[in-house]
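Enquirer: What follows is a structure written as structure tokens; I'll ask about it next.
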There are 2 protein chains.
Amino acid sequence: MSKPNTPDNEVAVDGDQPPENGDRQETDFVLEKFFPYRVRVFYTDVTNALSEVYQRDYGMMPAEWRTMAILGAASGGLQATEIVARSSMDKVVVSRAVKRMEERGFLMREANSADGRSFLLQLSDEGRAVYEDLAPKLLAVERKMLEGLGEDEISDFLAVAQRIRNNLAASSRKEGS
Amino acid sequence: MSKPNTPDNEVAVDGDQPPENGDRQETDFVLEKFFPYRVRVFYTDVTNALSEVYQRDYGMMPAEWRTMAILGAASGGLQATEIVARSSMDKVVVSRAVKRMEERGFLMREANSADGRSFLLQLSDEGRAVYEDLAPKLLAVERKMLEGLGEDEISDFLAVAQRIRNNLAASSRKEGS
DNA sequence: CGAAAATAGTTGCATATGAAACTAAGTCAA
DNA sequence: TTGACTTAGTTTCATATGCAACTATTTTCG
């Protein structure tokens, strides 16, 4: 398994019709070898491992946890916009996460005197307690998933991911006239 | 198991952790550096690049494209179960993708004489034409995103991803039973 | 100034999702 | 056989999602 979808120019040889489980290649597309497919499978596992924790312990959704993670690290109040920017989540998603967290008493919204359109968000005491409980657990999950991997392997991995993102950004820029 | 939404553990922050230095800021969580966060950002870009194509050209959803990818590579008819197994998608998702593709004339369902519960699925001529159009385009996207990367870099990347998955599988197995 | 454009955030709508219940068919064992 | 269990696939339901339209402010600039 080195290169994804290596085109080996194989022409379909499909003499008759097998009764079941036919598996002949007509084209050189094989989902299991397709790089994006593997990325998805990988991502699914990673993300499930995390959400299992905050879902199970506090019934939180991904957007809520991410919002909490950002607010937990901040000292003053943040605007929702900053959370959007730093979480790379949709603004609608953030809006709803904030709403739900406020309802649950995890965060407080104060009017922003500097800008009447926005609010300053910060964790409540309860929210902070949840954060202090959850953050170490999630860092433990991270540690566990990276177990046995060297620093360099991890940074290489991230570097490759970044280069791929750059490639994609470049090509979408070319089309997005 | 505990009910959802119910913290089944102490929220209290009692030091069972490494010695602190007086400061109560013990949690050092930075979302932007958190490995799973980066994986998500990466995944989002990769997946968007793909869906942009089949979405734009044929209004297909991810599940439909994946179903098509598997059927396109097969010669005989496949059961939905096989698609579930090979796509790592939920069976409900596959069921609905199949339904929609049938409605659109992309695939055909015949009764399975060997097993009355299931059906044999295969692409219609129209579906195959779409597949033959789409597969090369998506392989091109894959090529583009991997541009400038060596084979070894890619295989290292995938190997790391696999090791992480193994770590996760191992730890969930430990908790599971 | 004040009208147009931009921005923060929310909401409406149409669709996507997955867990669990369900139907139908097959398998197993006595 | 028959009745319990398993499996394939669909449906139901409750919730998640994101685009676009919306309200309410602020900014821009003629």
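In the structure tokens, chains take the letters A, B, ... in the order shown, each chain's residues start at 1, and ligands count up from 1 in the order shown.
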Give as an MDAnalysis selection string every residue of chain A that touches chain C within 12 Å, counting only C-alpha atoms (C1' of nucleotides).
Expert: chainID A and resid 79:82 84 91:96 98:99 112 115:120
Enquirer: How would chain A read as an mmCIF file with C-alpha atoms, in the first residue's frame once least-squares superposed on chain B using all paired C-alpha atoms?
Expert:
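Writing done, so here's part-v3.cif:
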```
data_model
loop_
_atom_site.group_PDB
_atom_site.id
_atom_site.type_symbol
_atom_site.label_atom_id
_atom_site.label_comp_id
_atom_site.auth_asym_id
_atom_site.auth_seq_id
_atom_site.Cartn_x
_atom_site.Cartn_y
_atom_site.Cartn_z
ATOM 1 C CA MET A 1 2.510 18.255 20.356
ATOM 2 C CA SER A 2 3.767 14.793 20.640
ATOM 3 C CA LYS A 3 1.758 12.743 23.004
ATOM 4 C CA PRO A 4 -1.912 13.243 23.496
ATOM 5 C CA ASN A 5 -3.051 14.231 26.906
ATOM 6 C CA THR A 6 0.154 13.639 28.714
ATOM 7 C CA PRO A 7 -0.769 13.300 32.347
ATOM 8 C CA ASP A 8 1.420 15.710 34.160
ATOM 9 C CA ASN A 9 -0.264 15.466 37.496
ATOM 10 C CA GLU A 10 -1.025 19.067 37.812
ATOM 11 C CA VAL A 11 -3.345 20.013 40.585
ATOM 12 C CA ALA A 12 -5.702 22.823 40.092
ATOM 13 C CA VAL A 13 -4.534 26.079 41.481
ATOM 14 C CA ASP A 14 -7.472 28.318 41.322
ATOM 15 C CA GLY A 15 -7.261 31.015 43.890
ATOM 16 C CA ASP A 16 -10.022 33.363 42.938
ATOM 17 C CA GLN A 17 -12.697 33.799 40.361
ATOM 18 C CA PRO A 18 -11.521 35.551 37.244
ATOM 19 C CA PRO A 19 -14.273 37.558 35.598
ATOM 20 C CA GLU A 20 -14.049 35.842 32.259
ATOM 21 C CA ASN A 21 -12.316 33.239 30.234
ATOM 22 C CA GLY A 22 -11.150 31.046 33.041
ATOM 23 C CA ASP A 23 -8.914 28.333 31.745
ATOM 24 C CA ARG A 24 -7.509 26.376 34.645
ATOM 25 C CA GLN A 25 -6.973 22.704 34.480
ATOM 26 C CA GLU A 26 -8.552 20.644 37.178
ATOM 27 C CA THR A 27 -8.109 17.364 35.468
ATOM 28 C CA ASP A 28 -5.666 16.443 32.824
ATOM 29 C CA PHE A 29 -8.270 16.279 30.155
ATOM 30 C CA VAL A 30 -7.766 18.745 27.354
ATOM 31 C CA LEU A 31 -10.077 18.321 24.445
ATOM 32 C CA GLU A 32 -7.729 19.901 21.968
ATOM 33 C CA LYS A 33 -5.084 17.324 22.775
ATOM 34 C CA PHE A 34 -7.418 14.408 22.929
ATOM 35 C CA PHE A 35 -6.570 12.039 20.145
ATOM 36 C CA PRO A 36 -10.128 11.200 19.106
ATOM 37 C CA TYR A 37 -10.919 14.865 18.931
ATOM 38 C CA ARG A 38 -8.104 15.442 16.519
ATOM 39 C CA VAL A 39 -9.213 12.520 14.464
ATOM 40 C CA ARG A 40 -12.633 14.027 14.184
ATOM 41 C CA VAL A 41 -11.342 17.404 13.117
ATOM 42 C CA PHE A 42 -9.158 15.744 10.542
ATOM 43 C CA TYR A 43 -11.937 13.553 9.264
ATOM 44 C CA THR A 44 -14.293 16.480 8.960
ATOM 45 C CA ASP A 45 -11.898 18.362 6.744
ATOM 46 C CA VAL A 46 -11.188 15.372 4.554
ATOM 47 C CA THR A 47 -14.782 14.443 4.093
ATOM 48 C CA ASN A 48 -15.893 17.991 3.421
ATOM 49 C CA ALA A 49 -13.335 18.400 0.706
ATOM 50 C CA LEU A 50 -14.839 15.456 -1.102
ATOM 51 C CA SER A 51 -18.498 16.036 -0.586
ATOM 52 C CA GLU A 52 -18.025 19.574 -1.737
ATOM 53 C CA VAL A 53 -17.362 18.185 -5.196
ATOM 54 C CA TYR A 54 -20.109 15.650 -5.670
ATOM 55 C CA GLN A 55 -22.514 17.741 -3.703
ATOM 56 C CA ARG A 56 -21.886 20.823 -5.768
ATOM 57 C CA ASP A 57 -21.699 19.133 -9.157
ATOM 58 C CA TYR A 58 -24.467 16.593 -8.832
ATOM 59 C CA GLY A 59 -26.263 17.176 -5.554
ATOM 60 C CA MET A 60 -25.266 13.732 -4.403
ATOM 61 C CA MET A 61 -24.992 12.595 -0.836
ATOM 62 C CA PRO A 62 -22.057 10.650 0.528
ATOM 63 C CA ALA A 63 -23.935 7.365 0.431
ATOM 64 C CA GLU A 64 -24.874 7.925 -3.172
ATOM 65 C CA TRP A 65 -21.394 8.722 -4.244
ATOM 66 C CA ARG A 66 -20.016 5.671 -2.449
ATOM 67 C CA THR A 67 -22.602 3.457 -4.013
ATOM 68 C CA MET A 68 -21.698 4.859 -7.371
ATOM 69 C CA ALA A 69 -18.020 4.339 -6.720
ATOM 70 C CA ILE A 70 -18.557 0.665 -6.081
ATOM 71 C CA LEU A 71 -20.904 0.132 -8.976
ATOM 72 C CA GLY A 72 -18.658 2.091 -11.263
ATOM 73 C CA ALA A 73 -15.778 -0.252 -10.655
ATOM 74 C CA ALA A 74 -17.879 -3.382 -11.014
ATOM 75 C CA SER A 75 -18.565 -4.939 -14.352
ATOM 76 C CA GLY A 76 -21.715 -6.966 -13.797
ATOM 77 C CA GLY A 77 -24.625 -6.254 -11.527
ATOM 78 C CA LEU A 78 -24.128 -6.200 -7.773
ATOM 79 C CA GLN A 79 -26.528 -6.887 -4.969
ATOM 80 C CA ALA A 80 -27.136 -4.216 -2.403
ATOM 81 C CA THR A 81 -25.596 -6.497 0.165
ATOM 82 C CA GLU A 82 -22.285 -6.380 -1.606
ATOM 83 C CA ILE A 83 -22.388 -2.629 -1.540
ATOM 84 C CA VAL A 84 -23.115 -2.701 2.146
ATOM 85 C CA ALA A 85 -20.195 -5.008 2.753
ATOM 86 C CA ARG A 86 -17.717 -3.056 0.689
ATOM 87 C CA SER A 87 -18.732 0.434 1.678
ATOM 88 C CA SER A 88 -19.108 -0.192 5.385
ATOM 89 C CA MET A 89 -22.327 1.728 5.278
ATOM 90 C CA ASP A 90 -25.534 0.808 6.998
ATOM 91 C CA LYS A 91 -27.949 -1.244 4.931
ATOM 92 C CA VAL A 92 -30.674 1.313 5.408
ATOM 93 C CA VAL A 93 -28.411 3.997 4.077
ATOM 94 C CA VAL A 94 -27.572 1.928 1.035
ATOM 95 C CA SER A 95 -31.198 1.109 0.426
ATOM 96 C CA ARG A 96 -32.118 4.742 0.376
ATOM 97 C CA ALA A 97 -29.153 5.751 -1.706
ATOM 98 C CA VAL A 98 -30.073 3.154 -4.296
ATOM 99 C CA LYS A 99 -33.644 4.318 -4.327
ATOM 100 C CA ARG A 100 -32.697 7.898 -4.878
ATOM 101 C CA MET A 101 -30.175 7.077 -7.543
ATOM 102 C CA GLU A 102 -32.725 5.018 -9.391
ATOM 103 C CA GLU A 103 -35.186 7.879 -9.237
ATOM 104 C CA ARG A 104 -32.568 10.153 -10.676
ATOM 105 C CA GLY A 105 -31.817 7.696 -13.429
ATOM 106 C CA PHE A 106 -28.312 6.944 -12.298
ATOM 107 C CA LEU A 107 -28.787 3.250 -11.759
ATOM 108 C CA MET A 108 -30.925 0.340 -12.825
ATOM 109 C CA ARG A 109 -32.335 -2.481 -10.781
ATOM 110 C CA GLU A 110 -33.137 -5.803 -12.359
ATOM 111 C CA ALA A 111 -34.652 -8.729 -10.596
ATOM 112 C CA ASN A 112 -32.119 -11.298 -9.591
ATOM 113 C CA SER A 113 -33.099 -14.596 -11.096
ATOM 114 C CA ALA A 114 -30.854 -16.433 -8.690
ATOM 115 C CA ASP A 115 -32.437 -14.921 -5.603
ATOM 116 C CA GLY A 116 -35.873 -13.410 -5.527
ATOM 117 C CA ARG A 117 -35.167 -11.299 -2.497
ATOM 118 C CA SER A 118 -32.495 -9.194 -4.041
ATOM 119 C CA PHE A 119 -31.871 -7.132 -7.120
ATOM 120 C CA LEU A 120 -28.921 -6.659 -9.366
ATOM 121 C CA LEU A 121 -27.753 -3.105 -9.457
ATOM 122 C CA GLN A 122 -25.689 -1.354 -12.050
ATOM 123 C CA LEU A 123 -25.114 2.131 -13.302
ATOM 124 C CA SER A 124 -27.178 3.425 -16.156
ATOM 125 C CA ASP A 125 -25.435 5.156 -19.031
ATOM 126 C CA GLU A 126 -26.124 8.455 -17.385
ATOM 127 C CA GLY A 127 -24.894 7.187 -14.063
ATOM 128 C CA ARG A 128 -21.750 5.918 -15.673
ATOM 129 C CA ALA A 129 -21.154 9.265 -17.316
ATOM 130 C CA VAL A 130 -21.463 10.941 -13.944
ATOM 131 C CA TYR A 131 -19.081 8.402 -12.500
ATOM 132 C CA GLU A 132 -16.564 9.006 -15.254
ATOM 133 C CA ASP A 133 -16.767 12.689 -14.573
ATOM 134 C CA LEU A 134 -16.650 12.468 -10.828
ATOM 135 C CA ALA A 135 -14.067 9.786 -10.170
ATOM 136 C CA PRO A 136 -11.149 11.700 -11.678
ATOM 137 C CA LYS A 137 -12.172 14.837 -9.846
ATOM 138 C CA LEU A 138 -12.232 13.033 -6.558
ATOM 139 C CA LEU A 139 -8.955 11.362 -7.251
ATOM 140 C CA ALA A 140 -7.614 14.835 -7.887
ATOM 141 C CA VAL A 141 -8.844 15.947 -4.505
ATOM 142 C CA GLU A 142 -7.128 12.969 -2.979
ATOM 143 C CA ARG A 143 -3.931 13.826 -4.803
ATOM 144 C CA LYS A 144 -4.127 17.378 -3.637
ATOM 145 C CA MET A 145 -4.652 16.494 -0.018
ATOM 146 C CA LEU A 146 -1.695 14.119 -0.115
ATOM 147 C CA GLU A 147 0.515 16.569 -1.909
ATOM 148 C CA GLY A 148 4.018 16.693 -0.577
ATOM 149 C CA LEU A 149 3.673 13.450 1.308
ATOM 150 C CA GLY A 150 5.863 10.507 0.507
ATOM 151 C CA GLU A 151 4.563 7.058 -0.204
ATOM 152 C CA ASP A 152 6.093 5.831 3.002
ATOM 153 C CA GLU A 153 4.543 8.578 5.055
ATOM 154 C CA ILE A 154 1.159 7.709 3.710
ATOM 155 C CA SER A 155 1.532 4.016 4.248
ATOM 156 C CA ASP A 156 2.864 4.606 7.754
ATOM 157 C CA PHE A 157 -0.125 6.745 8.443
ATOM 158 C CA LEU A 158 -2.504 4.089 7.245
ATOM 159 C CA ALA A 159 -0.635 1.429 9.140
ATOM 160 C CA VAL A 160 -1.013 3.356 12.376
ATOM 161 C CA ALA A 161 -4.691 3.844 11.671
ATOM 162 C CA GLN A 162 -5.027 0.148 11.126
ATOM 163 C CA ARG A 163 -3.245 -0.702 14.336
ATOM 164 C CA ILE A 164 -5.538 1.606 16.218
ATOM 165 C CA ARG A 165 -8.519 -0.070 14.649
ATOM 166 C CA ASN A 166 -7.136 -3.403 15.680
ATOM 167 C CA ASN A 167 -6.696 -2.229 19.229
ATOM 168 C CA LEU A 168 -10.264 -1.078 19.307
ATOM 169 C CA ALA A 169 -11.573 -4.254 17.781
ATOM 170 C CA ALA A 170 -9.639 -6.270 20.322
ATOM 171 C CA SER A 171 -10.961 -4.367 23.295
ATOM 172 C CA SER A 172 -14.543 -4.354 22.110
ATOM 173 C CA ARG A 173 -14.276 -8.076 21.531
ATOM 174 C CA LYS A 174 -13.198 -8.489 25.110
ATOM 175 C CA GLU A 175 -16.272 -6.698 26.399
ATOM 176 C CA GLY A 176 -18.814 -7.994 23.946
ATOM 177 C CA SER A 177 -19.323 -11.226 25.794
#
```
Enquirer: Could you pull out the residues in stretch 21-76 of chain B that DSSP calls helix (DSSP H, G or I) from the backbone, as a VMD selection string?
Expert: chain B and resid 31 to 33 35 to 58 62 to 73
Enquirer: Would you list which chain D residues are within 12 Å of chain B using only C-alpha atoms (C1' of nucleotides), as a count of residues only?
Expert: 6
